[in-house]
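A.B. asks: Dropping in structure_32.tsv, which is TSV, C-alpha atoms:
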```
chain	number	residue	atom	x	y	z
A	752	MET	CA	0.00	0.00	0.00
A	753	THR	CA	1.34	3.41	-0.95
A	754	LEU	CA	1.06	6.04	1.75
A	755	SER	CA	1.28	9.83	1.58
A	756	GLN	CA	1.73	11.47	4.95
A	757	SER	CA	2.47	14.95	6.23
A	758	THR	CA	3.80	15.97	9.62
A	759	SER	CA	5.55	18.91	11.24
A	760	ALA	CA	8.94	17.17	11.35
A	761	ILE	CA	10.45	13.98	9.98
A	762	VAL	CA	13.55	12.30	11.35
A	763	ILE	CA	15.48	9.82	9.21
A	764	GLY	CA	17.09	7.28	11.51
A	765	ALA	CA	16.09	5.80	14.86
A	766	GLY	CA	19.59	5.76	16.30
A	767	LEU	CA	20.64	7.75	19.33
A	768	SER	CA	20.86	11.09	17.44
A	769	GLY	CA	17.49	10.64	15.74
A	770	LEU	CA	15.79	9.57	18.94
A	771	ALA	CA	17.29	12.52	20.83
A	772	ALA	CA	16.02	14.95	18.20
A	773	ALA	CA	12.54	13.42	18.33
A	774	SER	CA	12.54	13.63	22.12
A	775	GLU	CA	13.42	17.34	22.10
A	776	LEU	CA	10.75	18.05	19.50
A	777	ARG	CA	8.06	16.22	21.47
A	778	ALA	CA	9.15	18.08	24.60
A	779	ARG	CA	8.05	21.19	22.72
A	780	ASN	CA	4.79	19.53	21.57
A	781	ILE	CA	5.97	19.39	17.96
A	782	PRO	CA	4.63	16.31	16.10
A	783	VAL	CA	7.37	14.14	14.61
A	784	THR	CA	7.62	10.93	12.62
A	785	ILE	CA	10.76	8.77	12.58
A	786	LEU	CA	11.66	6.74	9.50
A	787	GLU	CA	13.91	3.74	10.22
A	788	ALA	CA	15.24	1.39	7.54
A	789	SER	CA	15.70	-1.60	9.85
A	790	ASP	CA	13.02	-3.48	11.76
A	791	ARG	CA	14.09	-2.39	15.27
A	792	VAL	CA	15.85	0.26	17.29
A	793	ALA	CA	19.61	-0.02	17.86
A	794	ASP	CA	20.07	-2.58	15.10
A	795	PRO	CA	23.70	-1.60	14.32
A	796	TRP	CA	24.59	-2.00	17.99
A	797	ARG	CA	23.05	-5.47	18.12
A	798	ALA	CA	25.24	-6.56	15.22
A	799	ARG	CA	28.51	-5.71	17.00
A	800	HIS	CA	30.54	-8.29	18.89
A	801	PRO	CA	29.18	-9.13	22.37
A	802	ARG	CA	32.20	-7.87	24.31
A	803	LEU	CA	32.07	-4.40	22.77
A	804	ARG	CA	32.14	-1.49	25.21
A	805	LEU	CA	31.74	2.22	24.69
A	806	ASN	CA	34.89	4.31	24.86
A	807	ILE	CA	32.98	7.08	26.64
A	808	HIS	CA	32.34	7.22	30.39
A	809	ARG	CA	28.84	6.28	31.57
A	810	HIS	CA	28.55	9.83	32.99
A	811	PHE	CA	28.24	11.08	29.41
A	812	ALA	CA	26.13	8.16	28.16
A	813	ARG	CA	22.68	9.66	28.44
A	814	LEU	CA	20.21	11.32	26.11
A	815	PRO	CA	17.97	14.34	26.82
A	816	GLY	CA	14.92	13.70	28.97
A	817	HIS	CA	16.18	10.35	30.22
A	818	GLN	CA	18.23	9.16	33.16
A	819	LYS	CA	21.67	7.65	32.85
A	820	PRO	CA	21.79	3.96	31.92
A	821	ASN	CA	21.08	1.61	34.80
A	822	ASN	CA	24.51	0.03	34.65
A	823	SER	CA	27.43	0.38	37.03
A	824	ASP	CA	30.19	-0.31	34.50
A	825	THR	CA	32.50	2.60	33.80
A	826	TYR	CA	32.27	1.95	30.05
A	827	LEU	CA	28.91	0.52	28.99
A	828	PRO	CA	28.79	-2.90	27.31
A	829	ARG	CA	26.95	-3.42	24.05
A	830	ASP	CA	23.80	-4.94	25.55
A	831	ALA	CA	23.41	-2.07	28.03
A	832	VAL	CA	23.47	0.40	25.13
A	833	VAL	CA	20.87	-1.64	23.23
A	834	ASP	CA	18.59	-1.78	26.28
A	835	TYR	CA	18.99	1.94	26.95
A	836	LEU	CA	18.10	2.96	23.39
A	837	SER	CA	15.15	0.55	23.29
A	838	ASP	CA	13.74	1.98	26.53
A	839	TYR	CA	14.34	5.51	25.29
A	840	ALA	CA	12.45	4.87	22.05
A	841	ARG	CA	9.46	3.49	23.95
A	842	ALA	CA	9.32	6.64	26.09
A	843	ILE	CA	9.10	9.02	23.13
A	844	ASP	CA	5.64	10.06	22.01
A	845	ALA	CA	6.49	9.76	18.33
A	846	ASP	CA	5.62	7.36	15.53
A	847	ILE	CA	8.52	5.17	14.41
A	848	HIS	CA	7.95	3.66	10.98
A	849	PHE	CA	10.23	0.63	10.77
A	850	GLU	CA	11.41	-1.05	7.56
A	851	THR	CA	10.99	2.30	5.81
A	852	ARG	CA	14.02	3.05	3.66
A	853	VAL	CA	14.35	6.53	2.13
A	854	LEU	CA	14.78	6.47	-1.64
A	855	SER	CA	14.93	10.16	-2.52
A	856	VAL	CA	14.65	13.64	-1.02
A	857	HIS	CA	13.80	16.86	-2.80
A	858	ARG	CA	12.41	20.30	-2.09
A	859	ASP	CA	8.75	20.81	-2.92
A	860	GLY	CA	7.71	24.42	-2.31
A	861	ASP	CA	8.02	25.10	1.40
A	862	SER	CA	8.28	21.42	2.30
A	863	TRP	CA	10.58	18.46	1.88
A	864	LYS	CA	9.24	15.51	-0.11
A	865	ILE	CA	10.62	12.16	1.02
A	866	GLU	CA	10.03	9.07	-1.11
A	867	THR	CA	10.40	5.77	0.73
A	868	THR	CA	9.80	2.06	0.26
A	869	LYS	CA	6.52	2.55	2.18
A	870	GLY	CA	5.24	5.62	0.34
A	871	SER	CA	5.85	9.36	0.35
A	872	TYR	CA	6.12	11.83	3.22
A	873	SER	CA	6.03	15.61	3.31
A	874	SER	CA	7.30	17.94	6.00
A	875	PRO	CA	8.64	21.49	6.37
A	876	HIS	CA	11.46	20.11	8.54
A	877	LEU	CA	13.63	17.12	7.70
A	878	ILE	CA	16.19	15.92	10.26
A	879	VAL	CA	18.84	13.54	8.98
A	880	ALA	CA	20.33	11.18	11.58
A	881	THR	CA	21.56	8.16	9.63
A	882	GLY	CA	24.95	8.02	11.35
A	883	ARG	CA	28.46	9.28	10.79
A	884	GLU	CA	29.76	5.73	10.50
A	885	LYS	CA	27.02	4.14	8.42
A	886	VAL	CA	29.04	2.21	5.85
A	887	PRO	CA	32.37	0.44	6.50
A	888	GLU	CA	35.18	1.72	4.26
A	889	MET	CA	37.15	-1.16	2.76
A	890	PRO	CA	40.19	-0.25	0.63
A	891	VAL	CA	41.19	-2.41	-2.32
A	892	TRP	CA	44.80	-3.60	-2.38
A	893	PRO	CA	46.52	-5.31	-5.32
A	894	GLY	CA	46.04	-9.09	-5.19
A	895	MET	CA	43.39	-8.87	-2.50
A	896	GLU	CA	40.91	-10.97	-4.48
A	897	ASN	CA	43.34	-13.93	-4.58
A	898	PHE	CA	44.13	-14.01	-0.87
A	899	GLY	CA	43.42	-17.44	0.63
A	900	GLY	CA	42.68	-16.26	4.17
A	901	GLN	CA	39.74	-14.36	5.61
A	902	ILE	CA	39.39	-10.59	5.18
A	903	ILE	CA	36.83	-8.70	7.28
A	904	HIS	CA	36.15	-5.14	8.31
A	905	ALA	CA	36.42	-4.19	12.00
A	906	ALA	CA	32.64	-3.70	11.98
A	907	ASP	CA	32.35	-7.50	11.57
A	908	PHE	CA	34.82	-8.36	14.32
A	909	ALA	CA	33.44	-11.42	16.12
A	910	ASP	CA	33.81	-12.59	19.70
A	911	PRO	CA	37.56	-12.25	20.42
A	912	SER	CA	37.82	-15.89	21.51
A	913	GLU	CA	37.10	-16.94	17.92
A	914	TYR	CA	40.60	-15.72	16.96
A	915	ASP	CA	42.44	-17.85	19.51
A	916	GLY	CA	45.32	-19.76	17.94
A	917	LYS	CA	45.15	-17.78	14.69
A	918	ASN	CA	47.58	-15.42	13.01
A	919	ILE	CA	45.88	-12.02	12.80
A	920	LEU	CA	46.78	-8.90	10.82
A	921	VAL	CA	44.97	-5.75	11.96
A	922	ILE	CA	45.22	-2.93	9.41
A	923	GLY	CA	44.81	0.41	11.19
A	924	ALA	CA	45.32	1.39	14.82
A	925	GLY	CA	42.85	4.25	15.15
A	926	ASN	CA	39.78	4.17	17.36
A	927	SER	CA	38.20	0.97	15.97
A	928	GLY	CA	41.57	-0.68	15.35
A	929	THR	CA	42.70	-0.08	18.93
A	930	ASP	CA	39.38	-1.47	20.19
A	931	VAL	CA	40.03	-4.67	18.24
A	932	LEU	CA	43.63	-4.82	19.47
A	933	ASN	CA	42.57	-4.24	23.08
A	934	HIS	CA	40.27	-7.27	22.86
A	935	LEU	CA	42.89	-9.41	21.14
A	936	SER	CA	45.38	-8.53	23.89
A	937	ARG	CA	43.10	-10.29	26.37
A	938	SER	CA	42.65	-13.34	24.12
A	939	ASN	CA	45.06	-15.96	22.82
A	940	PRO	CA	45.83	-15.42	19.13
A	941	ALA	CA	48.97	-17.13	17.88
A	942	GLN	CA	50.39	-13.92	16.38
A	943	VAL	CA	49.14	-10.37	15.86
A	944	TRP	CA	50.62	-7.91	13.39
A	945	VAL	CA	49.55	-4.27	13.38
A	946	SER	CA	49.79	-2.48	10.03
A	947	VAL	CA	49.81	1.31	10.23
A	948	ARG	CA	50.39	4.03	7.65
A	949	HIS	CA	50.24	6.87	10.16
A	950	GLY	CA	50.69	6.46	13.88
A	951	PRO	CA	47.54	6.77	16.03
A	952	SER	CA	46.72	9.37	18.65
A	953	ILE	CA	46.34	7.10	21.63
A	954	LEU	CA	45.88	7.71	25.35
A	955	PRO	CA	45.50	5.35	28.32
A	956	SER	CA	41.93	4.50	29.26
A	957	ARG	CA	42.81	5.30	32.90
A	958	ILE	CA	45.36	7.52	34.63
A	959	PHE	CA	46.20	6.41	38.16
A	960	GLY	CA	42.92	4.50	38.12
A	961	PHE	CA	40.85	7.51	37.01
A	962	PRO	CA	38.98	7.09	33.69
A	963	MET	CA	40.57	9.31	31.04
A	964	GLN	CA	37.32	10.08	29.23
A	965	ARG	CA	35.79	11.43	32.43
A	966	MET	CA	38.11	14.43	31.92
A	967	ALA	CA	36.34	15.45	28.69
A	968	ASN	CA	34.80	18.60	30.15
A	969	LEU	CA	38.26	19.72	31.22
A	970	PHE	CA	39.65	19.29	27.70
A	971	THR	CA	36.96	21.58	26.30
A	972	ARG	CA	38.24	24.44	28.46
A	973	PHE	CA	41.71	24.43	26.95
A	974	PRO	CA	42.47	26.64	23.91
A	975	LYS	CA	42.37	24.61	20.71
A	976	TRP	CA	46.02	25.34	19.93
A	977	SER	CA	47.08	23.70	23.19
A	978	LEU	CA	45.34	20.35	22.69
A	979	ASP	CA	47.91	18.74	20.38
A	980	PRO	CA	50.90	19.29	22.69
A	981	ILE	CA	48.81	18.31	25.73
A	982	PHE	CA	47.75	15.00	24.20
A	983	ALA	CA	51.25	14.33	22.85
A	984	ALA	CA	52.74	14.93	26.29
A	985	MET	CA	50.16	12.68	27.96
A	986	GLN	CA	50.79	9.91	25.44
A	987	ARG	CA	54.55	10.10	25.96
A	988	LEU	CA	54.26	10.37	29.77
A	989	PHE	CA	51.88	7.46	30.32
A	990	LEU	CA	52.57	5.19	27.34
A	991	GLY	CA	56.20	5.99	26.57
A	992	ASN	CA	57.91	6.39	23.20
A	993	LEU	CA	55.74	4.25	20.96
A	994	GLN	CA	57.97	4.95	17.94
A	995	ARG	CA	60.44	2.50	19.46
A	996	PHE	CA	57.79	-0.17	18.90
A	997	GLY	CA	56.92	0.79	15.32
A	998	LEU	CA	54.05	3.25	15.89
A	999	ARG	CA	54.97	6.47	14.17
A	1000	ARG	CA	53.43	9.80	15.15
A	1001	HIS	CA	50.79	11.29	12.88
A	1002	LYS	CA	51.65	14.67	11.39
A	1003	LEU	CA	48.51	16.06	13.05
A	1004	GLY	CA	48.00	15.89	16.79
A	1005	GLY	CA	45.06	14.27	18.53
A	1006	GLY	CA	43.17	17.52	19.04
A	1007	SER	CA	43.58	18.69	15.44
A	1008	ARG	CA	42.55	15.34	14.00
A	1009	MET	CA	39.37	15.35	16.04
A	1010	LEU	CA	38.31	18.96	15.49
A	1011	LYS	CA	39.37	19.14	11.82
A	1012	ASP	CA	38.97	15.60	10.50
A	1013	GLY	CA	36.52	14.03	12.95
A	1014	VAL	CA	39.02	11.34	14.00
A	1015	THR	CA	38.85	10.68	17.72
A	1016	PHE	CA	41.88	9.56	19.68
A	1017	ALA	CA	41.99	5.93	20.74
A	1018	LEU	CA	41.98	4.66	24.33
A	1019	ASP	CA	44.45	1.93	25.19
A	1020	ASP	CA	43.29	-0.96	27.35
A	1021	GLY	CA	45.89	-3.65	26.73
A	1022	PHE	CA	47.11	-3.00	23.19
A	1023	VAL	CA	50.23	-1.02	24.15
A	1024	ALA	CA	51.28	-3.52	26.81
A	1025	ALA	CA	51.00	-6.33	24.26
A	1026	LEU	CA	53.07	-4.30	21.80
A	1027	LYS	CA	55.78	-3.62	24.37
A	1028	ALA	CA	55.82	-7.28	25.39
A	1029	ARG	CA	56.38	-8.21	21.71
A	1030	ARG	CA	53.15	-10.19	21.65
A	1031	PHE	CA	52.06	-7.76	18.93
A	1032	ASP	CA	54.31	-6.57	16.13
A	1033	ALA	CA	53.89	-3.24	14.28
A	1034	VAL	CA	54.85	-3.84	10.64
A	1035	GLY	CA	54.22	-0.64	8.69
A	1036	GLU	CA	51.86	0.06	5.79
A	1037	THR	CA	50.08	-2.68	3.83
A	1038	VAL	CA	50.66	-2.44	0.07
A	1039	GLY	CA	49.47	-5.73	-1.43
A	1040	PHE	CA	48.25	-9.30	-1.11
A	1041	SER	CA	49.20	-12.66	-2.59
A	1042	PRO	CA	47.41	-15.99	-2.10
A	1043	ASN	CA	49.26	-16.72	1.15
A	1044	THR	CA	50.90	-13.47	2.27
A	1045	VAL	CA	50.38	-9.76	2.84
A	1046	GLU	CA	53.18	-7.38	1.80
A	1047	MET	CA	54.26	-4.28	3.70
A	1048	ALA	CA	55.82	-1.12	2.24
A	1049	SER	CA	59.17	-2.20	3.69
A	1050	GLY	CA	59.04	-5.41	1.64
A	1051	ARG	CA	58.28	-7.56	4.66
A	1052	MET	CA	55.81	-10.40	4.18
A	1053	VAL	CA	53.45	-11.73	6.84
A	1054	HIS	CA	51.23	-14.83	6.72
A	1055	PRO	CA	47.90	-14.11	8.44
A	1056	ASP	CA	44.92	-16.41	8.70
A	1057	VAL	CA	42.62	-13.42	9.21
A	1058	VAL	CA	42.98	-9.80	8.09
A	1059	ILE	CA	40.88	-7.28	10.06
A	1060	CYS	CA	40.57	-3.95	8.26
A	1061	ALA	CA	40.06	-1.12	10.77
A	1062	THR	CA	39.98	1.33	7.89
A	1063	GLY	CA	37.14	3.62	8.83
A	1064	TYR	CA	33.60	4.37	7.75
A	1065	ARG	CA	31.69	6.82	5.62
A	1066	ALA	CA	28.34	8.51	6.09
A	1067	ASP	CA	26.98	7.53	2.64
A	1068	LEU	CA	24.91	10.70	2.24
A	1069	ASP	CA	25.78	11.64	-1.35
A	1070	GLY	CA	23.02	9.66	-3.00
A	1071	LEU	CA	20.25	11.45	-1.11
A	1072	PHE	CA	21.73	14.87	-0.41
A	1073	GLY	CA	24.66	15.41	-2.76
A	1074	HIS	CA	22.53	17.43	-5.19
A	1075	LEU	CA	21.59	19.96	-2.48
A	1076	GLY	CA	25.06	21.39	-1.85
A	1077	ALA	CA	24.69	20.40	1.81
A	1078	LEU	CA	27.80	18.18	1.93
A	1079	ASP	CA	31.51	18.94	2.00
A	1080	HIS	CA	34.16	17.37	-0.25
A	1081	LYS	CA	34.40	14.35	2.06
A	1082	GLY	CA	30.65	13.69	1.89
A	1083	TYR	CA	29.86	14.92	5.41
A	1084	PRO	CA	27.32	17.66	6.22
A	1085	ARG	CA	28.61	21.23	6.11
A	1086	HIS	CA	26.46	21.78	9.22
A	1087	PRO	CA	26.97	18.51	11.14
A	1088	MET	CA	25.45	19.30	14.53
A	1089	GLY	CA	22.05	20.84	14.04
A	1090	GLN	CA	23.20	24.21	12.74
A	1091	GLU	CA	20.84	26.00	10.37
A	1092	ASP	CA	21.56	25.66	6.64
A	1093	LEU	CA	20.43	28.89	4.98
A	1094	GLN	CA	20.70	27.33	1.50
A	1095	ASN	CA	18.40	24.47	2.51
A	1096	PRO	CA	15.83	25.83	4.98
A	1097	GLY	CA	14.23	23.13	7.06
A	1098	LEU	CA	17.03	20.60	6.45
A	1099	TRP	CA	18.97	19.59	9.57
A	1100	PHE	CA	21.77	17.11	10.22
A	1101	THR	CA	22.58	15.56	13.59
A	1102	GLY	CA	25.07	12.93	14.66
A	1103	TYR	CA	27.86	13.92	12.26
A	1104	GLY	CA	29.91	16.14	14.56
A	1105	LEU	CA	32.13	15.11	17.45
A	1106	LEU	CA	32.61	16.40	20.98
A	1107	PHE	CA	35.14	15.27	23.56
A	1108	GLN	CA	32.25	14.14	25.76
A	1109	GLY	CA	31.21	11.59	23.12
A	1110	PHE	CA	28.36	10.96	20.74
A	1111	PHE	CA	25.57	10.73	23.34
A	1112	HIS	CA	26.39	14.22	24.56
A	1113	ALA	CA	26.79	15.49	20.99
A	1114	ALA	CA	23.35	14.07	20.14
A	1115	GLY	CA	21.82	16.06	22.99
A	1116	VAL	CA	23.56	19.29	21.95
A	1117	SER	CA	22.39	18.92	18.35
A	1118	ALA	CA	18.87	17.89	19.31
A	1119	ASN	CA	18.40	20.90	21.57
A	1120	ARG	CA	19.73	23.22	18.88
A	1121	ILE	CA	17.42	21.81	16.19
A	1122	ALA	CA	14.28	21.76	18.34
A	1123	THR	CA	14.90	25.28	19.66
A	1124	CYS	CA	15.30	26.66	16.14
A	1125	ILE	CA	12.22	24.87	14.84
A	1126	GLU	CA	10.12	26.02	17.78
A	1127	ALA	CA	11.29	29.61	17.40
A	1128	SER	CA	10.79	29.83	13.63
A	1129	ASP	CA	7.57	27.89	13.20
A	1130	SER	CA	5.74	27.99	16.53
A	1131	ALA	CA	2.86	30.01	15.11
A	1132	SER	CA	2.17	27.54	12.31
A	1133	PHE	CA	2.80	24.22	14.08
A	1134	PRO	CA	-0.21	22.20	15.19
A	1135	THR	CA	0.35	20.98	18.73
A	1136	GLN	CA	-0.60	17.83	20.56
A	1137	SER	CA	-0.09	16.93	24.18
A	1138	SER	CA	2.64	14.56	25.19
A	1139	PRO	CA	2.01	12.28	28.17
A	1140	HIS	CA	5.70	11.47	28.47
A	1141	LEU	CA	7.58	14.74	28.21
A	1142	PRO	CA	6.95	18.18	29.71
A	1143	PRO	CA	6.55	21.22	27.45
A	1144	GLY	CA	9.41	23.63	27.09
A	1145	GLY	CA	12.16	21.25	26.04
A	1146	HIS	CA	15.26	19.91	27.73
A	1147	GLN	CA	18.18	22.17	28.47
A	1148	TYR	CA	21.29	20.71	26.90
A	1149	ALA	CA	24.01	23.33	26.73
A	1150	GLN	CA	26.85	23.09	24.27
A	1151	SER	CA	30.11	22.76	26.17
A	1152	ILE	CA	32.90	22.77	23.66
A	1153	GLU	CA	34.48	25.81	22.10
A	1154	GLY	CA	35.26	25.55	18.43
A	1155	THR	CA	32.76	22.87	17.44
A	1156	SER	CA	32.67	22.52	13.68
A	1157	GLN	CA	30.16	24.89	12.20
```
In structure tokens, how does this file's structure come out?
C.D. replies:
Amino acid sequence: MTLSQSTSAIVIGAGLSGLAAASELRARNIPVTILEASDRVADPWRARHPRLRLNIHRHFARLPGHQKPNNSDTYLPRDAVVDYLSDYARAIDADIHFETRVLSVHRDGDSWKIETTKGSYSSPHLIVATGREKVPEMPVWPGMENFGGQIIHAADFADPSEYDGKNILVIGAGNSGTDVLNHLSRSNPAQVWVSVRHGPSILPSRIFGFPMQRMANLFTRFPKWSLDPIFAAMQRLFLGNLQRFGLRRHKLGGGSRMLKDGVTFALDDGFVAALKARRFDAVGETVGFSPNTVEMASGRMVHPDVVICATGYRADLDGLFGHLGALDHKGYPRHPMGQEDLQNPGLWFTGYGLLFQGFFHAAGVSANRIATCIEASDSASFPTQSSPHLPPGGHQYAQSIEGTSQ
């Protein structure tokens, strides 16, 4: 059956950023419909390996209008995140249309027309929250198709115990690569090689027992120019000279990479100790494959059973929004955290910018910004309906980082 529906606001994506935006809109009595391609909330989280944990402190793992997760772990496990988002979705007074994939988006007068697999929708406000890391990025190396071992992306990393007794090559030691390596350090692989082109920005997960990420608010108070030397000094002080173990330093510091390129620094929880103990071996940049080996830029050959590519993700927004001039040259929104786009009135993006406090906090900042702007600009024309779950007036979620990408 083909449907044609109109509402005050439409959110694409029922992840944490989309749910936060819907919650803030309903707190202001603004009707909203959420379109979700999968058949349930938190589906990407459910697909991750069972030992996955957030790299943000539970203090920052909450969304607007909801309490912190009911979990005492410092860094939340996967299932706790799934439960939290599922409970959060049930508490929002908004329609979630599951198995509704968006096919096209275009401007139609004063509204946005959204064509989906379940019919068409129309709304003056369209909020895009499909995720910064929607699609795994898998490079293609020469000879890769003839390799006799297994090649996977870090997104498909299984339970770490499944790699016991195997020779593993991890390509990339950024955020996701270090997560994989942390887990492997607590398992029993036969051999682990770490292939890096540029050295990672990496910090210990704890300093004298205190969780590093809990200091995020402090980092936001430092001038931007000071962040690179601060992080470099902390890395050297607490982890030592990692260049001695094959991890070169990136030409950009940890602060610059995050604020300019959206690359967060990694948190060590076993990887560095395994590297220093020579359980892991850093081998330089991968340049090619053969049926039984992987070649490094130095000419060295390794013989892995499994290659895990921690090579990043992309937002995959070009197909729907590339024609609107709303994306930068990397395919990310020019206004990634709920800022108004004067060239595309009524089009909002959330979940594509980063804050030191993590993506839950960033979702709240963006959601508050979007809902406040929509309420201020269109309050006279919006129909209202009461919400039994959320009080009118919205949630206060102040932005707390200077220099957030605009």
A.B. asks: Tell me, as a ChimeraX atom specification, which residues lie within 10 Å of Asp790 (chain A), counting only C-alpha atoms; anything in the same chain fewer than 6 positions away does not count.
C.D. replies: /A:848-851
A.B. asks: Pick the closest to Phe1100 (chain A) from A:Ile1121, A:Leu814, A:Ala831, A:Val947: which is it, counting all atoms listed in the file?
C.D. replies: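 Comparing A:Ile1121, A:Leu814, A:Ala831, A:Val947 against Phe1100 (chain A), the winner is A:Ile1121.
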A.B. asks: Tell me, as a list in words, which residues lie within 8 Å of Gly1115 (chain A), counting all atoms listed in the file; anything in the same chain fewer than 5 positions away does not count.
C.D. replies: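 In the requested form, the answer reads Ser768, Ala771, Ala772, Leu814, Pro815 and Tyr1148 of chain A.
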A.B. asks: In Å, with one decimal, what is the gap from CA of Ser936 (chain A) to CA of Gly923 (chain A)?
C.D. replies: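 Computing it gives 15.5 Å between the two atoms.
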A.B. asks: Which of these, A:Leu786, A:Ala760, A:Leu1018, A:Ala773, has the shortest distance to Asn933 (chain A) once you count all atoms listed in the file?
C.D. replies: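 Among the listed residues, A:Leu1018 lies closest to Asn933 (chain A).
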A.B. asks: Residues proximal to (48.6, -15.6, 11.7) were defined as those with any atom within 6 Å of that point in the file's coordinates, counting all atoms listed in the file. Which are they, as JSON, numbers by chain?
C.D. replies: {"A": [917, 918, 919, 942, 1054, 1055, 1056]}
